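This is input_1.cif (mmCIF, C-alpha atoms).
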```
data_input
loop_
_atom_site.label_atom_id
_atom_site.label_comp_id
_atom_site.auth_asym_id
_atom_site.auth_seq_id
_atom_site.Cartn_x
_atom_site.Cartn_y
_atom_site.Cartn_z
CA MET A 1 60.28 -13.15 101.16
CA GLU A 2 61.52 -9.87 99.71
CA GLU A 3 58.80 -7.33 99.13
CA ARG A 4 60.70 -4.52 97.50
CA GLY A 5 63.03 -5.04 100.46
CA ILE A 6 60.29 -4.26 102.97
CA SER A 7 59.71 -6.86 105.63
CA ARG A 8 56.32 -8.10 106.73
CA ALA A 9 57.07 -6.76 110.22
CA VAL A 10 57.52 -3.20 108.92
CA ILE A 11 54.29 -3.43 106.90
CA GLY A 12 52.50 -4.70 109.99
CA ARG A 13 53.58 -1.54 111.83
CA LEU A 14 52.54 0.95 109.12
CA PRO A 15 48.85 1.17 110.11
CA ARG A 16 49.95 2.12 113.61
CA TYR A 17 52.19 4.92 112.29
CA TYR A 18 49.29 6.05 110.14
CA ARG A 19 46.98 6.12 113.16
CA TYR A 20 49.38 8.13 115.32
CA LEU A 21 50.12 10.57 112.52
CA GLY A 22 46.38 11.02 112.00
CA GLU A 23 45.99 11.85 115.69
CA LEU A 24 48.84 14.39 115.46
CA LEU A 25 47.25 15.96 112.39
CA GLU A 26 43.91 16.27 114.20
CA ALA A 27 45.75 17.94 117.07
CA GLY A 28 47.27 20.45 114.65
CA VAL A 29 50.88 19.23 114.96
CA GLU A 30 52.90 20.04 111.82
CA ARG A 31 56.31 18.55 112.59
CA ILE A 32 57.49 15.87 114.98
CA SER A 33 60.96 14.54 115.78
CA SER A 34 61.57 10.81 115.79
CA SER A 35 62.28 11.04 119.52
CA ASP A 36 58.93 12.72 120.30
CA LEU A 37 57.09 10.26 118.07
CA SER A 38 59.00 7.49 119.82
CA LYS A 39 57.76 8.60 123.26
CA LYS A 40 54.18 8.76 122.05
CA MET A 41 54.29 5.37 120.34
CA ARG A 42 56.40 3.63 122.97
CA VAL A 43 58.89 2.28 120.44
CA THR A 44 62.52 3.32 120.08
CA ALA A 45 63.44 6.33 117.95
CA SER A 46 65.89 4.17 116.03
CA GLN A 47 63.10 1.70 115.18
CA ILE A 48 61.05 4.59 113.80
CA ARG A 49 63.95 5.90 111.73
CA GLN A 50 64.72 2.43 110.39
CA ASP A 51 61.09 1.70 109.55
CA LEU A 52 60.54 4.97 107.73
CA ASN A 53 63.88 4.74 105.92
CA ASN A 54 62.42 1.75 104.09
CA PHE A 55 60.32 4.21 102.15
CA GLY A 56 63.13 6.57 101.34
CA GLY A 57 63.10 8.38 104.69
CA PHE A 58 60.68 11.18 105.24
CA GLY A 59 62.65 13.34 107.62
CA GLN A 60 65.56 15.69 107.44
CA GLN A 61 68.20 15.41 110.11
CA GLY A 62 67.35 17.90 112.86
CA TYR A 63 64.04 19.01 111.35
CA GLY A 64 61.86 16.05 112.26
CA TYR A 65 59.07 14.70 110.11
CA ASN A 66 56.45 16.74 108.29
CA VAL A 67 53.34 15.12 109.79
CA LYS A 68 50.96 15.75 106.91
CA TYR A 69 53.43 14.63 104.25
CA LEU A 70 54.32 11.47 106.14
CA TYR A 71 50.64 10.70 106.79
CA THR A 72 49.81 11.11 103.10
CA GLU A 73 52.75 9.01 101.91
CA ILE A 74 52.06 6.15 104.31
CA GLY A 75 48.41 6.33 103.24
CA LYS A 76 49.52 5.83 99.62
CA ILE A 77 51.71 2.86 100.54
CA LEU A 78 48.72 1.34 102.34
CA GLY A 79 46.58 1.85 99.23
CA LEU A 80 44.29 4.37 100.93
CA ASN A 81 44.50 6.79 98.02
CA ARG A 82 42.20 4.56 95.99
CA GLU A 83 38.54 3.67 96.45
CA HIS A 84 37.85 0.16 97.72
CA PRO A 85 34.24 -0.87 97.05
CA ILE A 86 33.10 -3.30 99.73
CA ILE A 87 30.14 -5.47 100.59
CA ILE A 88 29.26 -6.91 103.97
CA ILE A 89 27.81 -10.41 104.13
CA GLY A 90 26.05 -10.98 107.42
CA ALA A 91 24.04 -7.97 108.60
CA GLY A 92 23.79 -8.96 112.26
CA ASN A 93 25.19 -6.79 115.04
CA LEU A 94 28.81 -7.10 113.91
CA GLY A 95 27.99 -6.48 110.23
CA GLN A 96 25.92 -3.45 111.20
CA ALA A 97 28.70 -2.16 113.46
CA LEU A 98 31.15 -2.34 110.56
CA ALA A 99 28.63 -0.78 108.17
CA ASN A 100 28.30 2.15 110.55
CA TYR A 101 32.02 2.96 110.84
CA ALA A 102 32.17 6.28 109.03
CA SER A 103 35.96 6.25 109.38
CA PHE A 104 36.26 3.33 106.97
CA GLU A 105 34.45 5.36 104.33
CA LYS A 106 36.85 8.27 104.95
CA SER A 107 39.75 5.92 104.15
CA GLY A 108 38.21 4.90 100.83
CA PHE A 109 36.36 1.74 101.88
CA THR A 110 32.96 2.47 100.39
CA LEU A 111 30.04 0.27 101.35
CA LYS A 112 28.13 -0.83 98.24
CA GLY A 113 25.98 -3.66 99.55
CA LEU A 114 24.81 -5.55 102.62
CA PHE A 115 23.56 -9.13 102.51
CA ASP A 116 21.87 -11.48 104.95
CA VAL A 117 19.71 -14.60 105.02
CA ASN A 118 17.32 -13.22 107.62
CA PRO A 119 14.09 -12.09 105.89
CA ARG A 120 13.33 -9.77 108.83
CA LEU A 121 16.29 -7.64 107.74
CA GLU A 122 15.10 -7.33 104.14
CA GLY A 123 14.62 -3.69 103.26
CA VAL A 124 16.25 -2.39 106.46
CA SER A 125 18.73 0.31 105.43
CA ILE A 126 22.06 1.14 107.06
CA ARG A 127 23.64 4.43 106.04
CA GLY A 128 21.37 4.40 102.99
CA ILE A 129 22.32 0.88 101.91
CA PRO A 130 19.43 -1.63 101.97
CA VAL A 131 20.01 -5.15 103.29
CA ARG A 132 19.59 -7.55 100.38
CA MET A 133 18.85 -11.25 100.57
CA MET A 134 21.62 -13.77 99.81
CA ASP A 135 19.74 -14.97 96.71
CA ASP A 136 20.61 -11.65 95.08
CA LEU A 137 24.33 -11.84 95.82
CA GLU A 138 25.60 -13.45 92.63
CA GLU A 139 23.72 -11.10 90.34
CA PHE A 140 24.83 -8.12 92.44
CA LEU A 141 28.49 -9.13 92.12
CA GLN A 142 28.15 -9.58 88.38
CA LYS A 143 26.64 -6.11 87.94
CA ASN A 144 28.87 -4.20 90.38
CA GLU A 145 32.64 -3.89 90.72
CA ILE A 146 33.31 -4.98 94.27
CA GLU A 147 36.81 -5.45 95.59
CA ILE A 148 36.43 -6.62 99.20
CA ALA A 149 33.85 -8.91 100.78
CA ILE A 150 33.57 -8.64 104.56
CA LEU A 151 32.32 -11.89 106.07
CA THR A 152 30.47 -11.48 109.35
CA LEU A 153 28.84 -14.87 109.23
CA PRO A 154 28.71 -17.97 111.41
CA LYS A 155 31.63 -20.27 110.61
CA SER A 156 29.30 -22.99 109.29
CA LYS A 157 28.43 -20.76 106.32
CA ALA A 158 31.67 -18.85 105.85
CA ILE A 159 33.60 -21.19 103.56
CA GLU A 160 30.68 -21.80 101.21
CA VAL A 161 29.99 -18.06 100.91
CA ALA A 162 33.71 -17.27 100.47
CA GLU A 163 33.85 -19.73 97.56
CA LEU A 164 30.74 -18.19 96.01
CA VAL A 165 32.08 -14.63 96.10
CA ILE A 166 35.45 -15.75 94.70
CA GLU A 167 33.69 -17.46 91.80
CA ASN A 168 32.03 -14.13 91.16
CA GLY A 169 35.19 -12.07 90.99
CA ILE A 170 35.99 -11.03 94.57
CA ARG A 171 39.76 -11.17 95.21
CA ALA A 172 39.96 -9.97 98.83
CA ILE A 173 38.17 -11.08 101.97
CA TRP A 174 38.09 -9.55 105.44
CA ASN A 175 37.03 -12.55 107.47
CA PHE A 176 35.40 -12.35 110.92
CA ALA A 177 34.09 -15.91 110.93
CA HIS A 178 35.66 -18.05 113.62
CA THR A 179 37.56 -20.25 111.19
CA ASP A 180 40.44 -19.97 108.71
CA LEU A 181 39.04 -20.08 105.20
CA ASN A 182 42.02 -21.83 103.57
CA LEU A 183 41.28 -20.37 100.14
CA PRO A 184 43.44 -20.46 97.00
CA GLU A 185 46.76 -18.60 97.36
CA ASP A 186 45.75 -15.78 95.02
CA VAL A 187 42.84 -14.70 97.24
CA ILE A 188 43.90 -12.07 99.76
CA VAL A 189 42.49 -12.83 103.19
CA GLU A 190 42.82 -10.87 106.40
CA ASN A 191 41.35 -12.65 109.41
CA VAL A 192 40.01 -10.99 112.54
CA HIS A 193 39.70 -13.84 115.01
CA LEU A 194 38.19 -12.10 118.02
CA SER A 195 38.32 -15.12 120.27
CA ASP A 196 42.06 -15.60 119.56
CA SER A 197 42.58 -12.07 120.82
CA LEU A 198 40.46 -12.67 123.92
CA MET A 199 42.47 -15.83 124.68
CA LYS A 200 45.73 -13.91 124.49
CA LEU A 201 44.27 -11.51 127.05
CA SER A 202 43.27 -14.43 129.24
CA TYR A 203 46.74 -15.99 128.95
CA ASN A 204 48.36 -12.71 130.00
CA ILE A 205 46.03 -12.43 132.99
CA SER A 206 46.93 -15.96 134.11
CA ARG A 207 50.63 -15.27 133.77
CA TYR A 208 50.31 -11.96 135.64
CA ASN A 209 48.42 -13.65 138.46
CA GLU A 210 51.03 -16.39 138.74
CA GLU A 211 53.84 -13.87 138.93
CA HIS A 212 52.20 -11.47 141.37
CA GLN A 213 49.99 -13.47 143.67
CA LYS A 214 51.87 -16.65 144.34
CA MET B 23 61.97 -11.91 127.70
CA GLU B 24 61.84 -15.44 129.08
CA GLU B 25 58.34 -16.58 130.01
CA ARG B 26 59.02 -19.96 131.50
CA GLY B 27 61.08 -20.37 128.34
CA ILE B 28 58.06 -19.84 126.10
CA SER B 29 58.36 -17.15 123.47
CA ARG B 30 55.71 -14.59 122.69
CA ALA B 31 55.49 -16.03 119.17
CA VAL B 32 54.52 -19.48 120.50
CA ILE B 33 51.94 -17.96 122.82
CA GLY B 34 50.54 -15.99 119.90
CA ARG B 35 49.98 -19.27 118.03
CA LEU B 36 48.29 -21.16 120.89
CA PRO B 37 44.76 -19.79 120.30
CA ARG B 38 45.00 -21.02 116.73
CA TYR B 39 45.98 -24.54 117.87
CA TYR B 40 43.11 -24.39 120.34
CA ARG B 41 40.69 -23.41 117.57
CA TYR B 42 41.80 -26.21 115.22
CA LEU B 43 41.72 -28.81 117.98
CA GLY B 44 38.21 -27.62 118.88
CA GLU B 45 37.13 -28.16 115.28
CA LEU B 46 38.67 -31.66 115.28
CA LEU B 47 36.87 -32.48 118.53
CA GLU B 48 33.55 -31.31 117.08
CA ALA B 49 34.22 -33.53 114.06
CA GLY B 50 34.78 -36.51 116.38
CA VAL B 51 38.52 -36.91 115.67
CA GLU B 52 40.31 -38.56 118.62
CA ARG B 53 43.94 -38.62 117.45
CA ILE B 54 45.88 -36.65 114.90
CA SER B 55 49.49 -36.87 113.72
CA SER B 56 51.60 -33.74 113.56
CA SER B 57 51.76 -34.14 109.78
CA ASP B 58 47.96 -34.25 109.39
CA LEU B 59 47.57 -31.29 111.74
CA SER B 60 50.28 -29.54 109.74
CA LYS B 61 48.35 -29.95 106.48
CA LYS B 62 45.16 -28.61 108.06
CA MET B 63 46.87 -25.63 109.66
CA ARG B 64 49.23 -24.88 106.78
CA VAL B 65 52.29 -24.76 109.01
CA THR B 66 55.18 -27.24 109.02
CA ALA B 67 54.96 -30.39 111.13
CA SER B 68 58.27 -29.50 112.73
CA GLN B 69 56.88 -26.13 113.81
CA ILE B 70 53.96 -27.91 115.45
CA ARG B 71 56.23 -30.37 117.24
CA GLN B 72 58.52 -27.58 118.42
CA ASP B 73 55.64 -25.42 119.61
CA LEU B 74 53.95 -28.19 121.55
CA ASN B 75 57.24 -29.41 123.00
CA ASN B 76 57.36 -26.12 124.91
CA PHE B 77 54.63 -27.54 127.10
CA GLY B 78 56.24 -30.89 127.69
CA GLY B 79 55.12 -32.42 124.39
CA PHE B 80 51.71 -33.94 124.14
CA GLY B 81 52.32 -36.68 121.64
CA GLN B 82 53.97 -40.05 121.58
CA GLN B 83 56.22 -40.83 118.63
CA GLY B 84 54.12 -42.67 116.05
CA TYR B 85 50.83 -42.31 117.91
CA GLY B 86 50.03 -38.70 117.18
CA TYR B 87 48.29 -36.35 119.56
CA ASN B 88 45.26 -37.13 121.68
CA VAL B 89 42.98 -34.32 120.48
CA LYS B 90 40.85 -33.96 123.58
CA TYR B 91 43.84 -34.05 125.96
CA LEU B 92 45.77 -31.49 123.93
CA TYR B 93 42.71 -29.23 123.63
CA THR B 94 42.17 -29.35 127.38
CA GLU B 95 45.82 -28.71 128.24
CA ILE B 96 46.16 -25.77 125.85
CA GLY B 97 42.90 -24.42 127.29
CA LYS B 98 44.48 -24.52 130.76
CA ILE B 99 47.61 -22.73 129.56
CA LEU B 100 45.37 -20.05 128.04
CA GLY B 101 43.54 -19.68 131.36
CA LEU B 102 40.25 -20.98 129.95
CA ASN B 103 39.70 -23.33 132.88
CA ARG B 104 38.79 -20.36 135.08
CA GLU B 105 35.83 -18.02 134.98
CA HIS B 106 36.54 -14.52 133.70
CA PRO B 107 33.78 -12.09 134.71
CA ILE B 108 33.49 -9.34 132.10
CA ILE B 109 31.64 -6.11 131.52
CA ILE B 110 31.13 -4.37 128.20
CA ILE B 111 31.27 -0.58 128.12
CA GLY B 112 29.58 0.75 125.01
CA ALA B 113 26.39 -1.11 124.11
CA GLY B 114 26.21 -0.04 120.47
CA ASN B 115 26.26 -2.55 117.62
CA LEU B 116 29.76 -3.81 118.37
CA GLY B 117 29.16 -4.09 122.12
CA GLN B 118 25.91 -5.95 121.43
CA ALA B 119 27.64 -8.24 118.94
CA LEU B 120 30.24 -9.18 121.57
CA ALA B 121 27.54 -9.59 124.24
CA ASN B 122 25.79 -12.05 121.98
CA TYR B 123 28.76 -14.34 121.34
CA ALA B 124 27.69 -17.46 123.18
CA SER B 125 31.08 -19.01 122.46
CA PHE B 126 32.83 -16.54 124.76
CA GLU B 127 30.60 -17.69 127.60
CA LYS B 128 31.50 -21.30 126.82
CA SER B 129 35.19 -20.41 127.25
CA GLY B 130 34.55 -18.92 130.69
CA PHE B 131 34.10 -15.25 129.76
CA THR B 132 30.88 -14.52 131.61
CA LEU B 133 29.06 -11.26 130.90
CA LYS B 134 28.13 -9.54 134.17
CA GLY B 135 27.24 -6.04 133.01
CA LEU B 136 26.66 -3.76 130.04
CA PHE B 137 27.06 0.01 130.19
CA ASP B 138 26.28 2.89 127.88
CA VAL B 139 25.63 6.64 127.96
CA ASN B 140 22.63 6.46 125.65
CA PRO B 141 19.41 6.75 127.72
CA ARG B 142 17.47 5.04 124.92
CA LEU B 143 19.35 1.83 125.75
CA GLU B 144 18.52 1.95 129.47
CA GLY B 145 16.63 -1.17 130.48
CA VAL B 146 17.24 -2.96 127.17
CA SER B 147 18.44 -6.48 127.99
CA ILE B 148 20.92 -8.58 126.05
CA ARG B 149 21.07 -12.25 126.99
CA GLY B 150 19.35 -11.35 130.23
CA ILE B 151 21.80 -8.56 131.14
CA PRO B 152 20.24 -5.08 131.32
CA VAL B 153 22.11 -2.11 129.86
CA ARG B 154 23.04 0.20 132.75
CA MET B 155 23.92 3.87 132.53
CA MET B 156 27.53 4.98 132.97
CA ASP B 157 26.66 6.78 136.22
CA ASP B 158 26.21 3.35 137.82
CA LEU B 159 29.58 1.99 136.69
CA GLU B 160 31.73 2.86 139.72
CA GLU B 161 29.28 1.46 142.23
CA PHE B 162 28.81 -1.66 140.10
CA LEU B 163 32.57 -2.28 140.02
CA GLN B 164 32.84 -1.83 143.77
CA LYS B 165 30.07 -4.34 144.44
CA ASN B 166 31.03 -6.97 141.83
CA GLU B 167 34.26 -8.80 141.11
CA ILE B 168 34.96 -8.02 137.48
CA GLU B 169 38.17 -9.05 135.79
CA ILE B 170 37.95 -7.74 132.22
CA ALA B 171 36.42 -4.54 130.85
CA ILE B 172 35.67 -4.59 127.14
CA LEU B 173 35.75 -1.09 125.69
CA THR B 174 33.57 -0.61 122.63
CA LEU B 175 33.54 3.16 122.84
CA PRO B 176 34.52 6.08 120.61
CA LYS B 177 38.18 6.92 121.05
CA SER B 178 37.36 10.33 122.54
CA LYS B 179 35.93 8.60 125.64
CA ALA B 180 38.11 5.51 125.82
CA ILE B 181 41.07 6.77 127.86
CA GLU B 182 38.93 8.50 130.47
CA VAL B 183 36.78 5.38 130.92
CA ALA B 184 39.84 3.11 131.00
CA GLU B 185 41.30 5.19 133.83
CA LEU B 186 38.00 5.08 135.71
CA VAL B 187 37.72 1.28 135.57
CA ILE B 188 41.36 0.86 136.60
CA GLU B 189 40.80 3.10 139.63
CA ASN B 190 37.96 0.74 140.50
CA GLY B 191 39.96 -2.45 140.39
CA ILE B 192 39.90 -3.66 136.78
CA ARG B 193 43.27 -5.11 135.74
CA ALA B 194 42.58 -6.19 132.16
CA ILE B 195 41.11 -4.37 129.16
CA TRP B 196 40.03 -5.63 125.78
CA ASN B 197 40.13 -2.43 123.79
CA PHE B 198 38.23 -1.86 120.55
CA ALA B 199 38.55 1.94 120.59
CA HIS B 200 40.59 3.26 117.69
CA THR B 201 43.49 4.41 119.88
CA ASP B 202 46.21 2.91 122.05
CA LEU B 203 45.35 3.52 125.68
CA ASN B 204 48.94 3.83 126.97
CA LEU B 205 48.01 2.73 130.47
CA PRO B 206 50.33 1.84 133.39
CA GLU B 207 52.49 -1.24 132.72
CA ASP B 208 50.63 -3.42 135.22
CA VAL B 209 47.34 -3.14 133.33
CA ILE B 210 46.92 -5.91 130.78
CA VAL B 211 45.61 -4.56 127.50
CA GLU B 212 44.76 -6.40 124.32
CA ASN B 213 43.88 -4.11 121.43
CA VAL B 214 41.65 -4.98 118.49
CA HIS B 215 42.32 -2.21 116.01
CA LEU B 216 39.93 -3.09 113.20
CA SER B 217 41.09 -0.35 110.88
CA ASP B 218 44.73 -1.50 111.21
CA SER B 219 43.59 -4.90 109.98
CA LEU B 220 41.61 -3.38 107.09
CA MET B 221 44.69 -1.35 106.07
CA LYS B 222 46.84 -4.48 105.96
CA LEU B 223 44.25 -5.97 103.62
CA SER B 224 44.35 -2.85 101.48
CA TYR B 225 48.17 -2.90 101.39
CA ASN B 226 48.13 -6.53 100.26
CA ILE B 227 45.61 -5.73 97.51
CA SER B 228 47.79 -2.89 96.23
CA ARG B 229 50.88 -5.07 96.22
CA TYR B 230 49.01 -7.89 94.47
CA ASN B 231 47.73 -5.50 91.80
CA GLU B 232 51.23 -4.12 91.21
CA GLU B 233 52.68 -7.58 90.77
CA HIS B 234 49.94 -8.99 88.57
CA GLN B 235 48.58 -6.18 86.46
CA LYS B 236 51.52 -4.03 85.56
#
```

Step by step, read the file and then write its structure as structure tokens.
Amino acid sequence: MEERGISRAVIGRLPRYYRYLGELLEAGVERISSSDLSKKMRVTASQIRQDLNNFGGFGQQGYGYNVKYLYTEIGKILGLNREHPIIIIGAGNLGQALANYASFEKSGFTLKGLFDVNPRLEGVSIRGIPVRMMDDLEEFLQKNEIEIAILTLPKSKAIEVAELVIENGIRAIWNFAHTDLNLPEDVIVENVHLSDSLMKLSYNISRYNEEHQK
Amino acid sequence: MEERGISRAVIGRLPRYYRYLGELLEAGVERISSSDLSKKMRVTASQIRQDLNNFGGFGQQGYGYNVKYLYTEIGKILGLNREHPIIIIGAGNLGQALANYASFEKSGFTLKGLFDVNPRLEGVSIRGIPVRMMDDLEEFLQKNEIEIAILTLPKSKAIEVAELVIENGIRAIWNFAHTDLNLPEDVIVENVHLSDSLMKLSYNISRYNEEHQK
């Protein structure tokens, strides 16, 4: 699929560029050559040049990249120059952890609401946002412009709740439930399947052990 | 790189097969054809056949796959038939969320210790495991066989702590800190960079809006 000529693989690497450039900015670095960036990121310099050329190229031969400019431009491509109002559904430990990430807010992901079914959480506030009960969710979505719903729910509830928020105007879901939601094609879903990641780690340990111990 | 002929892409898909087969097992399904599995997983039936053929093929033409057998065999490939003793370093909301996932324990990832710097957490127990202070970490690692350290720490501390656990025998890290650890090649690291995932979501929203609204 052509996406203005930019492949999915390049897009997948942009957040990592953004992260490294942010670290360089914090460290006060103003310019960096593709070869120095390459050493830091452990990818080839030619990969970096090719990737960034997709966006018109941000460097001048021999001068390296202007870190702040590149950081800002990649941020725009990633849509971080706009506000993204979010709600979190499921205010358990994981939901609270996400609610507490100040760095998300810095990137424009503004927490507008927190929902749970557990009456013991009613009225508890996280960063000034009170936990509301699920019964209030539909009305809340109708009265507020929310872009992203973060689902930190058990999988048994996730699909039902995803369908409810979509009916009420949500178009993007960041899903932490341990299941694929299989929603209509026009809903944008990004899954974080933690156990898939843990299994990849476990596979790599097994392979390492096979190669090194016997 | 050849890994017994199995590509990284296939390995990356195994946890998802494992998850779907687990759901089928829970639903009491004993056999499934590659075409039915294909519809459920939204990948082509030929992709499924090719992927599973890497492991000798688990189906008989016309009979479909034996769900339980396939689930068990993929579990073995992923190393889930062994115990993986883990510790969590950083007992904040995210560390506590991970400590509370009973499903990890079911897959053999057994929580042996929880560590934090916050004295207010000292003595708090999660699923019967007390939070210990970081000062006790080295001695704990020397006295206990731990395979995986889960780092749910701020990035400013993550590299230092990663180096400490490696010096004390840990060979695998599941890293949630917002930075790449860039450790020696023989340390197995799996990163969960939540903000990278959120940025991909944000990119896809921007692209969707461009295509549909203007």

Per residue of chain A within 6 Å of chain B, what are the shortest atom pair and its distance in Å to one decimal, counting all atoms listed in the file, with rows by chain and residue number, as a Markdown table?
```
| residue | atom | partner | partner_atom | distance |
| --- | --- | --- | --- | --- |
| A:Pro15 | CA | B:Asp218 | CA | 5.0 |
| A:Leu78 | CA | B:Tyr225 | CA | 4.4 |
| A:Gly79 | CA | B:Tyr225 | CA | 5.5 |
| A:Asn93 | CA | B:Ala119 | CA | 4.8 |
| A:Leu94 | CA | B:Ala119 | CA | 5.3 |
| A:Ala97 | CA | B:Asn115 | CA | 4.8 |
| A:Glu190 | CA | B:Leu223 | CA | 5.8 |
| A:Asp196 | CA | B:Pro37 | CA | 5.0 |
| A:Leu201 | CA | B:Glu212 | CA | 5.8 |
| A:Ser202 | CA | B:Gly101 | CA | 5.7 |
| A:Tyr203 | CA | B:Leu100 | CA | 4.4 |
| A:Ser206 | CA | B:Gly101 | CA | 5.7 |
```

Discussion item. Can you pull out the residues contacting Ala45 of chain A? Cut-off 6 Å, using all atoms listed in the file, and skip same-chain residues under 4 positions away; I want them as an MDAnalysis selection string.
Written reply: chainID A and resid 34:35 38

Item to complete: Expand the PyMOL selection byres ((chain A and resi 65) around 6) into the individual residues it matches in the shown file, reporting them as a ChimeraX atom specification.
Response: /A:31-33,59,64,66-67

For the residues in that selection, give me C-alpha atoms as an mmCIF file, in the frame of the given file.
```cif
data_model
loop_
_atom_site.group_PDB
_atom_site.id
_atom_site.type_symbol
_atom_site.label_atom_id
_atom_site.label_comp_id
_atom_site.auth_asym_id
_atom_site.auth_seq_id
_atom_site.Cartn_x
_atom_site.Cartn_y
_atom_site.Cartn_z
ATOM 1 C CA ARG A 31 56.310 18.550 112.590
ATOM 2 C CA ILE A 32 57.490 15.870 114.980
ATOM 3 C CA SER A 33 60.960 14.540 115.780
ATOM 4 C CA GLY A 59 62.650 13.340 107.620
ATOM 5 C CA GLY A 64 61.860 16.050 112.260
ATOM 6 C CA ASN A 66 56.450 16.740 108.290
ATOM 7 C CA VAL A 67 53.340 15.120 109.790
#
```

Discussion item. Using the chain letters and numbers from this file, what does the PyMOL selection byres ((chain A and resi 134-138) around 9) select? Give the answer as a count of residues only.
Written reply: 15

Item to complete: Between atom CA of Glu207 of chain B and atom CA of Ile28 of chain B, measure the distance and give it in Å to one decimal.
Response: 20.5 Å

Item to complete: Pick out the closest residue to Val51 of chain B from this set: B:Ile188, B:Val146, B:Lys90, B:Ala180. Count only C-alpha atoms.
Response: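 Closest candidate: B:Lys90.
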
Item to complete: Take atom CA of Ser178 of chain B and atom CA of Leu37 of chain A and report the distance between them in Å, one decimal.
Response: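 Result for atom CA of Ser178 of chain B versus atom CA of Leu37 of chain A: 20.2 Å, one decimal.
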
Practice prompt. Report the distance between atom CA of Gln50 of chain A and atom CA of Leu205 of chain B in Å, rounded to one decimal place.
Written response: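 Atom CA of Gln50 of chain A sits 26.1 Å away from atom CA of Leu205 of chain B.
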
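The shell of residues at most 9 Å from Val131 of chain A, with all atoms listed in the file counted and near chain neighbours (fewer than 5 positions) removed, consists of Ala91, Gly113, Leu114, Phe115, Asp116, Leu121, Glu122, Gly123, Val124, Ser125 and Ile126 of chain A.
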
Coordinates of box centre and edge lengths for segment 31-48 of chain B, 3 Å on every side, axis-aligned, as JSON:
```
{"center_x": 44.5, "center_y": -24.2, "center_z": 119.0, "size_x": 27.9, "size_y": 22.5, "size_z": 13.6}
```

Worksheet item: Which of these, B:Tyr91, B:Tyr85, B:Phe77, B:Phe198, has the shortest distance to Leu43 of chain B once you count only C-alpha atoms?
Response: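 For Leu43 of chain B, the nearest of the given residues is B:Tyr91.
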
Worksheet entry | From B:Ile70, B:Gly44, B:Arg142, B:Asn75, residue lying nearest Thr94 of chain B [all atoms listed in the file] |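 Of B:Ile70, B:Gly44, B:Arg142, B:Asn75, the one nearest Thr94 of chain B, counting all atoms listed in the file, is B:Gly44.
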
Discussion item. I'd like to know which of A:Glu105, A:Pro119, A:Tyr71, A:Ala177 is closest to Glu26 of chain A, using only C-alpha atoms.
Written reply: A:Tyr71

Practice prompt. Give me the result of the PyMOL selection byres ((chain B and resi 168) around 6) on this file, residue by residue, as a ChimeraX atom specification.
Written response: /B:107-108,166-167,169
